[in-house]
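Visitor: Quick one: the structure is below, and I'll ask about it shortly.
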Amino acid sequence: MATQVQRTANPVPELAPEREVRWPKRTKTKLANGLEMILLESHTIPKFHGELYLRSGNAAAAARGTALAEMAATMVRTGTARHSSREIEEQLRGVGADLSLSAGQDNSAISFAGLSDHAEPLLLLVNELAREAAFPATEFERERRQKLEEVKLERTQPGFLAGERLRKVLFGSHPYAQISPTEEQVAAYTREGLQEVYRGFYTPENAILVLVGDFDPSAMQKVAEGVFGDWSGKKPAISEYAKPPVPKGRRVYLVDLPGSVQTQILCGCHAITRNHPDWIRLGLANSLYGGAFNSRLVMNIREDKGYTYSPRSGVNPLRQYGYFSVSAAVRNDVVAASLTEIFYEIDKLRSIPVPEAELFDAQNYLTGVFSLGLATQSGLLSQISTLALNQLPDDYLETYREKVRALTPEDVLYAARAYFDSANMQVVVVGDRKQIESQAALFGELEVFTAGGSRTA
Amino acid sequence: MKPLQIPIEHRTLPNGLRVVAAPDSTAPVVTVGVYYKIGFRLEPQGRSGFAHLFEHMMFQGSENAPKMQHIKLINSSGGVLNGSTMYDVTNYFEAVPSNALERVLWLEADRMRALKVDDENLRNQRDVVKEEVRVNVMNQPYGGFPWLDMPPVAFRNWANAHNFYGDFADLDAASLADVQTFFRTYYVPNNAVLLILGDVNPAEGFALAEKHFGNIPPGPPPKFADPGEPKQTEERRGQVIEKFGTLPAMAIGYVMPPRRTPEWCAMALLDQALHGGRAGRVYRELVLEKQIAVEADGGIDDVFVYDGPTQMTTRIFHKPEISSEDTLAAFDEIIREVQEKGITDSELEQLKVKWRSDYFATLEGGRGGHMPKYGLMHLLACFTLFDGEPQLVNTVLDGFLSVTKEQVLDAARKYLLVQNRAIVFRKPVEKSAQEAA
């Protein structure tokens, strides 16, 4: 349906002419030690935001253990050659900074934000963490225990269990199949093993520093060069893993949580990576399907039928492979009804060209929301990071909106047919087996698992 | 350090609607919010959860924008929207490219003027809200801990003590008549503030506000029930069974001083001394040093905005091999130390730098995620509704930055008292009982 102006005394106002969207200039350099740096000015608040990315994550260490990069990242702030955990935390507070360490499948990151008038001390601290983490033995034992409790807790969360099962189904023996370690794997972590991951991954040749905020770029450039210039280290060797086979046929995986008062549905299939030429048209198809509040799936199973609070779909790009997924936490008695609608809306988008007016609305949504990122330092940081990590063209931000506007109903049809792989969609349901098994079994051959991950009859 | 000079202009329309504009042309984006001075604290008795259910109804259709049009019009203008229900206010907000400003104002005015919803809309949103409660509370480990567990233990006045998400029986009992009564009572222009932030010329913003909201009739000023509590004389305790998680947990809440007092500023910094991340005393002592807890955090829920009894709450998830008594004793030791020795000069200095930094972060983004200026909007709204002084956003920081060590010590001695607190224990269900279930 189009956004129709109504013939009443009080019609919807038309949109005014658009003000030009102008992206701030980026300064991109590479230091002699291999560190890539991207700087961007944004004077919204007297602060700056940054990321130090290391282009290796859990997948690159998968041969040595599960989620090792993540555990190494957790350890980094617990002590360096020069400072104890407590000193590090107090220094951060003293310069008004927030800092976190994380690692996913493909990257590790030190993320930080602080006051512009305390920029250099914060960068010095980031540098110290990237180069001199000491992995103190007592801190390691404590963090490992915390991790153990965390992985136990995950097994009680329907959203986690669904995500874990889908990744196993889609990626088989590839590292992308493992989203979290088992208790046994955590128990097997060693301090030395983590240090080895840290030494290999945290090197300037493997790093990208992105800084966005209230600073003069040439002055900031000098400060950052002074701080990181004498860091040295090579890029780690790239680990190769065999391509996971794409699952054929629709199959259903039920994770049994007895007594559950709701069922978590998660469906998925292989799709594409972030730098694939089809990314933008797939993004538009996703936004029409379930990627926006105004999308077909949300209007159907939430606003029309009231089955769920938060249905959504998304394209999840990992570096080597991407996948499309649809999720909804629904009432136990409408599992089959919800899946029927999920597939109905997919199949509809795959078979009937989207009406021009609806397409136009979705294009406006994507281009508008894209420019909201301009208004905050964190929004800009996230946009610039996406470009840097996926090696997207320099003019990506400037040309994205035109590319979205140029898309046609045929593009959406193409993307839906190519990547919303209805016939081979894998279906995960997490809930009370007694209440949902017969409903789920209508959608394909069914396997049942415990929350612990083992298969049951 | 330059004083803050966020440009702010402020008008009151003849119907009592307050309008605040905060222009900033950095990006061609405008954030619009409408705040109503009613939250779940003062929703009708026998209708727990109603303020939140009502918030959902505000997206279900108004006089000229039938169901689905609100969402469709904002998304198709390139924007995002949402609403949220808090203790003392409810907000509706949009961030859009600035060429959609008039359209957004038209929509907000349309639903302030007349809500047009039917039984089918109410049934639909009641179902959606129940799934929201299931996904966030009933089907999650530690769901609702402690925000739903604490009120019935800590408070005696129904306003503060009831289930804010709503008992399902109360949600089922809610009728269309309740919806319209609530709307007529609280959703009048003289009980609201409209905020326009970002790429707007204030004069044009005020003219558009006048054009679309100006002819909405005011209502009688809403009468608000008294949220006051009888004087507490001893510690209160309660227990809730945890069905999923295996770690025993507890939440300790102390009632805070009233807003806009020197004690309020001192307490806010003391809160940060205790709960400010990994450098905070609670995390440092319980997790990092004594290693009693696996996780510990806390704080004052929405420190700038409360209009009734409010707590600073500490959450502790501790190792099962350590008893609740020993865990609480270790927590009490932290409190005792701060009451005996206060905090150090360098600690106070660090806390102020961090507070300033956090304040700027709040102004830019705040808890709205990708919603630019959500935090600035929130502060402007609340300083207008509760204080009649939107300009406070430029000066409120000064009060926090001039807090002394002595004031922090006094606040610790006056407010962190056993007879001023409540404790909820979240106790994992016994394994055998779980298997039998």
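All residue names refer to the structure tokens as shown: chains lettered A, B, ... in order, residues numbered from 1 in each chain, ligands numbered from 1 in order.
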Go through segment 267-396 of chain B and collect every residue that DSSP, computed from the backbone, puts in strand (DSSP E or B); the answer should be as a PyMOL selection string.
Guide: chain B and resi 293-300+311-318
Visitor: Could you write out the selected residues, including N, CA and C atoms, as an mmCIF file, in the first residue's frame?
Guide:
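Final output, again.cif:
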data_model
loop_
_atom_site.group_PDB
_atom_site.id
_atom_site.type_symbol
_atom_site.label_atom_id
_atom_site.label_comp_id
_atom_site.auth_asym_id
_atom_site.auth_seq_id
_atom_site.Cartn_x
_atom_site.Cartn_y
_atom_site.Cartn_z
ATOM 1 N N ALA B 293 31.333 -12.811 44.194
ATOM 2 C CA ALA B 293 30.289 -12.690 43.170
ATOM 3 C C ALA B 293 30.858 -12.958 41.788
ATOM 4 N N VAL B 294 29.968 -13.373 40.892
ATOM 5 C CA VAL B 294 30.337 -13.566 39.497
ATOM 6 C C VAL B 294 29.980 -12.306 38.708
ATOM 7 N N GLU B 295 28.962 -11.620 39.160
ATOM 8 C CA GLU B 295 28.557 -10.368 38.526
ATOM 9 C C GLU B 295 27.959 -9.476 39.598
ATOM 10 N N ALA B 296 28.223 -8.192 39.488
ATOM 11 C CA ALA B 296 27.625 -7.235 40.419
ATOM 12 C C ALA B 296 27.512 -5.900 39.708
ATOM 13 N N ASP B 297 26.352 -5.296 39.798
ATOM 14 C CA ASP B 297 26.172 -3.999 39.160
ATOM 15 C C ASP B 297 25.059 -3.260 39.886
ATOM 16 N N GLY B 298 24.721 -2.111 39.405
ATOM 17 C CA GLY B 298 23.635 -1.397 40.059
ATOM 18 C C GLY B 298 23.611 0.064 39.700
ATOM 19 N N GLY B 299 22.753 0.786 40.390
ATOM 20 C CA GLY B 299 22.649 2.212 40.143
ATOM 21 C C GLY B 299 21.263 2.743 40.460
ATOM 22 N N ILE B 300 21.121 4.042 40.231
ATOM 23 C CA ILE B 300 19.824 4.694 40.386
ATOM 24 C C ILE B 300 19.163 4.628 39.019
ATOM 25 N N GLN B 311 14.826 4.063 44.250
ATOM 26 C CA GLN B 311 15.949 3.427 44.934
ATOM 27 C C GLN B 311 17.222 3.438 44.115
ATOM 28 N N MET B 312 18.322 3.338 44.841
ATOM 29 C CA MET B 312 19.576 2.902 44.229
ATOM 30 C C MET B 312 19.645 1.403 44.512
ATOM 31 N N THR B 313 19.795 0.616 43.472
ATOM 32 C CA THR B 313 19.727 -0.834 43.641
ATOM 33 C C THR B 313 21.035 -1.498 43.229
ATOM 34 N N THR B 314 21.518 -2.397 44.066
ATOM 35 C CA THR B 314 22.697 -3.200 43.734
ATOM 36 C C THR B 314 22.238 -4.623 43.426
ATOM 37 N N ARG B 315 22.723 -5.172 42.321
ATOM 38 C CA ARG B 315 22.412 -6.582 42.003
ATOM 39 C C ARG B 315 23.686 -7.392 42.148
ATOM 40 N N ILE B 316 23.586 -8.494 42.864
ATOM 41 C CA ILE B 316 24.757 -9.357 43.052
ATOM 42 C C ILE B 316 24.383 -10.792 42.683
ATOM 43 N N PHE B 317 25.118 -11.374 41.759
ATOM 44 C CA PHE B 317 24.981 -12.795 41.419
ATOM 45 C C PHE B 317 26.204 -13.476 42.021
ATOM 46 N N HIS B 318 25.972 -14.310 43.033
ATOM 47 C CA HIS B 318 27.152 -14.832 43.726
ATOM 48 C C HIS B 318 27.339 -16.323 43.512
#
Visitor: When DSSP works through the backbone of this structure, what residues of segment 189-388 of chain A end up as helix (DSSP H, G or I), shown as number ranges by chain?
Guide: A: 191-201, 204-206, 217-228, 279-291, 296-304, 332-351, 356-375, 377-388
Visitor: Which is closer to Asn424 of chain A than all the others in A:Lys168, A:Arg86, A:Arg251, A:Arg155, using only C-alpha atoms?
Guide: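 The answer is A:Arg251, which sits nearest to Asn424 of chain A.
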Visitor: Could you give me, as a PyMOL selection string, the residues within 10 Å of segment 318-327 of chain A, counting only C-alpha atoms and dropping anything in the same chain fewer than 2 positions from it?
Guide: chain A and resi 104-107+159+162-163+166-167+170-171+176+241+243-244+264-276+282+286+289-291+297+310-316+329-330+342+389-390+419-421+425-429
Visitor: Could you take the residues named above and write them with N, CA and C atoms, as a compact mmCIF listing (two decimals), in the first residue's frame?
Guide:
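In the end it all went to out.txt:
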# COMPACT_ATOMS: atom_id res chain seq x y z
N GLY A 104 34.58 -11.43 17.97
CA GLY A 104 33.58 -12.24 17.30
C GLY A 104 34.30 -13.29 16.47
N GLN A 105 33.62 -13.82 15.47
CA GLN A 105 34.24 -14.85 14.64
C GLN A 105 35.43 -14.30 13.85
N ASP A 106 35.32 -13.06 13.37
CA ASP A 106 36.30 -12.57 12.40
C ASP A 106 37.23 -11.49 12.91
N ASN A 107 36.84 -10.77 13.96
CA ASN A 107 37.64 -9.65 14.45
C ASN A 107 37.67 -9.65 15.97
N GLY A 159 16.80 -17.57 23.27
CA GLY A 159 17.41 -16.89 22.12
C GLY A 159 18.80 -17.45 21.83
N ALA A 162 18.53 -21.07 20.36
CA ALA A 162 18.10 -21.07 18.97
C ALA A 162 19.26 -20.67 18.06
N GLY A 163 19.97 -19.62 18.44
CA GLY A 163 21.10 -19.15 17.63
C GLY A 163 22.18 -20.21 17.53
N LEU A 166 20.98 -23.04 15.14
CA LEU A 166 20.96 -22.64 13.73
C LEU A 166 22.38 -22.58 13.16
N ARG A 167 23.31 -22.03 13.93
CA ARG A 167 24.68 -21.92 13.43
C ARG A 167 25.29 -23.30 13.21
N LEU A 170 23.76 -24.64 9.98
CA LEU A 170 24.19 -23.99 8.74
C LEU A 170 25.67 -24.18 8.45
N PHE A 171 26.49 -24.29 9.50
CA PHE A 171 27.93 -24.25 9.25
C PHE A 171 28.68 -25.54 9.59
N TYR A 176 32.46 -21.24 12.11
CA TYR A 176 31.29 -20.39 12.30
C TYR A 176 30.14 -21.13 12.99
N TYR A 241 39.50 -22.91 6.10
CA TYR A 241 38.59 -23.99 6.48
C TYR A 241 37.73 -24.34 5.28
N LYS A 243 34.68 -25.12 2.87
CA LYS A 243 33.36 -24.49 2.75
C LYS A 243 32.28 -25.43 3.30
N PRO A 244 31.44 -24.93 4.18
CA PRO A 244 30.40 -25.81 4.71
C PRO A 244 29.36 -26.11 3.64
N GLN A 264 10.60 -19.93 21.00
CA GLN A 264 11.49 -19.11 20.18
C GLN A 264 11.65 -19.77 18.82
N ILE A 265 11.26 -19.07 17.78
CA ILE A 265 11.44 -19.57 16.41
C ILE A 265 12.63 -18.86 15.79
N LEU A 266 13.47 -19.62 15.10
CA LEU A 266 14.57 -18.99 14.35
C LEU A 266 14.78 -19.81 13.08
N CYS A 267 14.59 -19.19 11.94
CA CYS A 267 14.78 -19.88 10.66
C CYS A 267 15.96 -19.23 9.95
N GLY A 268 16.68 -20.01 9.17
CA GLY A 268 17.79 -19.39 8.47
C GLY A 268 18.27 -20.18 7.27
N CYS A 269 18.99 -19.49 6.39
CA CYS A 269 19.61 -20.13 5.24
C CYS A 269 20.85 -19.34 4.84
N HIS A 270 21.71 -19.97 4.07
CA HIS A 270 22.93 -19.29 3.62
C HIS A 270 22.58 -18.09 2.74
N ALA A 271 23.34 -17.03 2.86
CA ALA A 271 23.14 -15.85 1.99
C ALA A 271 24.51 -15.33 1.54
N ILE A 272 24.78 -14.05 1.76
CA ILE A 272 26.01 -13.47 1.19
C ILE A 272 26.78 -12.65 2.22
N THR A 273 27.99 -12.28 1.85
CA THR A 273 28.82 -11.46 2.73
C THR A 273 28.57 -9.98 2.46
N ARG A 274 29.16 -9.14 3.32
CA ARG A 274 28.90 -7.71 3.28
C ARG A 274 29.40 -7.03 2.01
N ASN A 275 30.43 -7.57 1.40
CA ASN A 275 30.97 -6.89 0.21
C ASN A 275 30.50 -7.53 -1.10
N HIS A 276 29.49 -8.38 -1.02
CA HIS A 276 28.91 -8.99 -2.23
C HIS A 276 28.12 -7.93 -3.00
N LEU A 282 19.64 -7.08 -1.52
CA LEU A 282 19.16 -8.00 -0.48
C LEU A 282 18.72 -7.21 0.76
N ASN A 286 15.12 -7.48 2.48
CA ASN A 286 15.00 -7.79 3.90
C ASN A 286 14.17 -6.74 4.61
N TYR A 289 10.66 -7.40 3.94
CA TYR A 289 10.18 -8.65 4.53
C TYR A 289 10.00 -8.54 6.04
N GLY A 290 11.09 -8.26 6.76
CA GLY A 290 10.98 -8.25 8.22
C GLY A 290 12.02 -7.39 8.91
N GLY A 291 12.66 -6.50 8.13
CA GLY A 291 13.75 -5.72 8.69
C GLY A 291 13.34 -4.36 9.24
N LEU A 297 6.25 -8.90 7.57
CA LEU A 297 6.19 -9.92 8.63
C LEU A 297 5.70 -9.32 9.94
N SER A 310 8.16 -9.30 19.08
CA SER A 310 9.33 -8.75 18.38
C SER A 310 9.82 -9.63 17.24
N PRO A 311 9.01 -9.78 16.18
CA PRO A 311 9.49 -10.54 15.03
C PRO A 311 10.49 -9.71 14.23
N ARG A 312 11.47 -10.35 13.65
CA ARG A 312 12.38 -9.59 12.79
C ARG A 312 13.15 -10.53 11.86
N SER A 313 13.66 -9.95 10.80
CA SER A 313 14.55 -10.72 9.94
C SER A 313 15.80 -9.89 9.72
N GLY A 314 16.87 -10.57 9.31
CA GLY A 314 18.11 -9.85 9.09
C GLY A 314 19.09 -10.66 8.26
N VAL A 315 20.04 -9.97 7.67
CA VAL A 315 21.11 -10.65 6.96
C VAL A 315 22.34 -10.52 7.83
N ASN A 316 22.95 -11.66 8.15
CA ASN A 316 24.07 -11.66 9.08
C ASN A 316 25.35 -11.95 8.34
N ALA A 329 9.56 -14.76 18.93
CA ALA A 329 9.20 -15.51 20.13
C ALA A 329 7.68 -15.48 20.20
N VAL A 330 7.05 -16.66 20.08
CA VAL A 330 5.59 -16.70 19.90
C VAL A 330 4.90 -17.53 20.98
N ILE A 342 5.36 -16.97 8.31
CA ILE A 342 6.76 -16.66 7.98
C ILE A 342 7.07 -17.12 6.56
N LEU A 389 36.18 -2.60 7.74
CA LEU A 389 36.31 -4.03 8.00
C LEU A 389 35.95 -4.87 6.78
N ASN A 390 35.12 -4.32 5.91
CA ASN A 390 34.69 -5.09 4.75
C ASN A 390 35.31 -4.61 3.45
N TYR A 419 18.15 -15.50 -2.22
CA TYR A 419 18.67 -15.59 -0.84
C TYR A 419 17.64 -15.89 0.24
N PHE A 420 16.36 -15.77 -0.04
CA PHE A 420 15.36 -16.21 0.93
C PHE A 420 14.98 -17.62 0.49
N ASP A 421 15.87 -18.55 0.84
CA ASP A 421 15.81 -19.88 0.24
C ASP A 421 14.75 -20.73 0.92
N MET A 425 15.21 -23.71 3.80
CA MET A 425 15.31 -22.96 5.06
C MET A 425 15.35 -23.95 6.22
N GLN A 426 16.26 -23.72 7.16
CA GLN A 426 16.35 -24.57 8.33
C GLN A 426 15.56 -23.92 9.47
N VAL A 427 14.77 -24.72 10.15
CA VAL A 427 13.84 -24.19 11.15
C VAL A 427 14.25 -24.66 12.54
N VAL A 428 14.51 -23.72 13.44
CA VAL A 428 14.81 -24.08 14.82
C VAL A 428 13.67 -23.58 15.69
N VAL A 429 13.18 -24.45 16.57
CA VAL A 429 12.18 -24.01 17.55
C VAL A 429 12.67 -24.41 18.94
Visitor: Could you name the residues that touch Thr181 of chain B at 12 Å or less, counting only C-alpha atoms, but leaving out those on the same chain fewer than 3 positions away, as a PyMOL selection string?
Guide: chain B and resi 43-44+50-51+54+114-115+174-178+184-188+222
Visitor: May I have the selected residues written with C-alpha atoms, as a short mmCIF file (atom, residue, chain, number, x, y, z; two decimals), in the first residue's frame?
Guide:
data_model
loop_
_atom_site.label_atom_id
_atom_site.label_comp_id
_atom_site.auth_asym_id
_atom_site.auth_seq_id
_atom_site.Cartn_x
_atom_site.Cartn_y
_atom_site.Cartn_z
CA GLU B 43 -1.89 3.93 36.66
CA PRO B 44 -5.38 3.00 37.93
CA PHE B 50 -2.29 -0.41 32.02
CA ALA B 51 0.01 2.57 31.36
CA PHE B 54 -2.02 2.11 26.77
CA ALA B 114 -8.23 11.84 19.38
CA LEU B 115 -7.41 8.20 19.74
CA ALA B 174 -8.74 -3.68 30.64
CA SER B 175 -11.53 -2.36 28.44
CA LEU B 176 -11.89 0.16 25.66
CA ALA B 177 -13.68 2.43 28.14
CA ASP B 178 -10.57 2.32 30.35
CA ARG B 184 -9.04 11.90 28.40
CA THR B 185 -7.55 12.19 31.86
CA TYR B 186 -3.84 12.28 31.18
CA TYR B 187 -3.26 12.81 27.45
CA VAL B 188 -4.26 16.46 27.42
CA PRO B 222 -5.03 15.74 35.97
#
Visitor: Pick the closest to chain B from A:Gln178, A:Gln383, A:Thr340, A:Ser351: which is it, counting only C-alpha atoms?
Guide: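 With only C-alpha atoms as the atom set, the closest residue is A:Gln383.
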Visitor: Considering only C-alpha atoms, return as a PDB file with C-alpha atoms, in the first residue's frame whatever protein or nucleic-acid residues lie within 12 Å of Glu120 of chain B, sequence-local ones (same chain, fewer than 2 positions apart) excluded.
Guide:
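Listing of result16.pdb after writing:
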ATOM      1  CA  GLU A 303       0.036  -6.042  14.280  1.00  0.00           C
ATOM      2  CA  ASP A 304      -2.572  -8.235  12.600  1.00  0.00           C
ATOM      3  CA  LYS A 305      -2.411 -11.503  14.523  1.00  0.00           C
ATOM      4  CA  GLY A 306      -0.758 -10.659  17.847  1.00  0.00           C
TER       5      GLY A 306
ATOM      6  CA  MET B  57      -2.641   1.600  21.969  1.00  0.00           C
ATOM      7  CA  GLN B  60      -3.164   1.684  16.959  1.00  0.00           C
ATOM      8  CA  GLY B  61      -4.854   4.571  15.236  1.00  0.00           C
ATOM      9  CA  LYS B  67      -3.987   1.530  12.434  1.00  0.00           C
ATOM     10  CA  LYS B 116      -9.482   6.032  17.410  1.00  0.00           C
ATOM     11  CA  VAL B 117      -9.193   2.412  18.454  1.00  0.00           C
ATOM     12  CA  ASP B 118     -11.548  -0.537  18.749  1.00  0.00           C
ATOM     13  CA  LEU B 122      -7.094  -3.794  22.144  1.00  0.00           C
ATOM     14  CA  ARG B 123      -7.247  -7.595  21.871  1.00  0.00           C
ATOM     15  CA  ASN B 124      -4.350  -7.547  19.415  1.00  0.00           C
ATOM     16  CA  GLN B 125      -2.097  -5.387  21.593  1.00  0.00           C
ATOM     17  CA  ARG B 126      -3.025  -7.272  24.767  1.00  0.00           C
ATOM     18  CA  ASP B 127      -1.699 -10.394  23.016  1.00  0.00           C
ATOM     19  CA  SER B 175     -11.534  -2.356  28.442  1.00  0.00           C
ATOM     20  CA  LEU B 176     -11.887   0.161  25.657  1.00  0.00           C
TER      21      LEU B 176
END
Visitor: Considering only C-alpha atoms, return as a ChimeraX atom specification whatever protein or nucleic-acid residues lie within 12 Å of Asn75 of chain B, sequence-local ones (same chain, fewer than 6 positions apart) excluded.
Guide: /A:3,287-288,291-295,358,360-369 /B:68-69,81-82,94-97,100,103-104
Visitor: Out of B:Ala273, B:Val396, B:Val19, B:Ala65, which residue has the shortest atom-to-atom distance to Phe206 of chain B when counting only C-alpha atoms?
Guide: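 Once distances to Phe206 of chain B are computed over only C-alpha atoms, the minimum belongs to B:Val19.
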Visitor: Could you give me, as CSV, every segment 10-41 of chain B residue with an atom at most 10 Å from segment 31-45 of chain A, plus its closest atom pair and distance in Å to one decimal, counting only C-alpha atoms, rows ordered by chain then number?
Guide:
residue,atom,partner,partner_atom,distance
B:Asp24,CA,A:Thr44,CA,8.8
B:Thr26,CA,A:Thr44,CA,7.4
B:Ala27,CA,A:Thr44,CA,9.6
Visitor: Using the selection just defined, write its residues with N, CA and C atoms as a short mmCIF file (atom, residue, chain, number, x, y, z; two decimals), in the first residue's frame.
Guide:
data_model
loop_
_atom_site.label_atom_id
_atom_site.label_comp_id
_atom_site.auth_asym_id
_atom_site.auth_seq_id
_atom_site.Cartn_x
_atom_site.Cartn_y
_atom_site.Cartn_z
N ASP B 24 20.19 22.27 16.09
CA ASP B 24 21.58 21.86 15.82
C ASP B 24 21.59 21.36 14.39
N THR B 26 23.97 20.19 12.53
CA THR B 26 25.07 19.30 12.14
C THR B 26 24.64 18.29 11.07
N ALA B 27 23.52 17.66 11.27
CA ALA B 27 23.05 16.65 10.32
C ALA B 27 21.61 16.98 9.93
#
Visitor: Calculated over only C-alpha atoms, which of the candidates B:Thr85, B:Thr404, B:Gln5, B:Ser357 has the smallest distance to chain A?
Guide: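 Distance minimum relative to chain A lands on B:Ser357.
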Visitor: Compare A:Leu284, A:Val169, A:Leu392, A:Leu115 by their minimum atom-to-atom distance to chain B, counting only C-alpha atoms, and give me the closest one.
Guide: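 Of the candidates, the smallest distance to chain B is held by A:Leu115.
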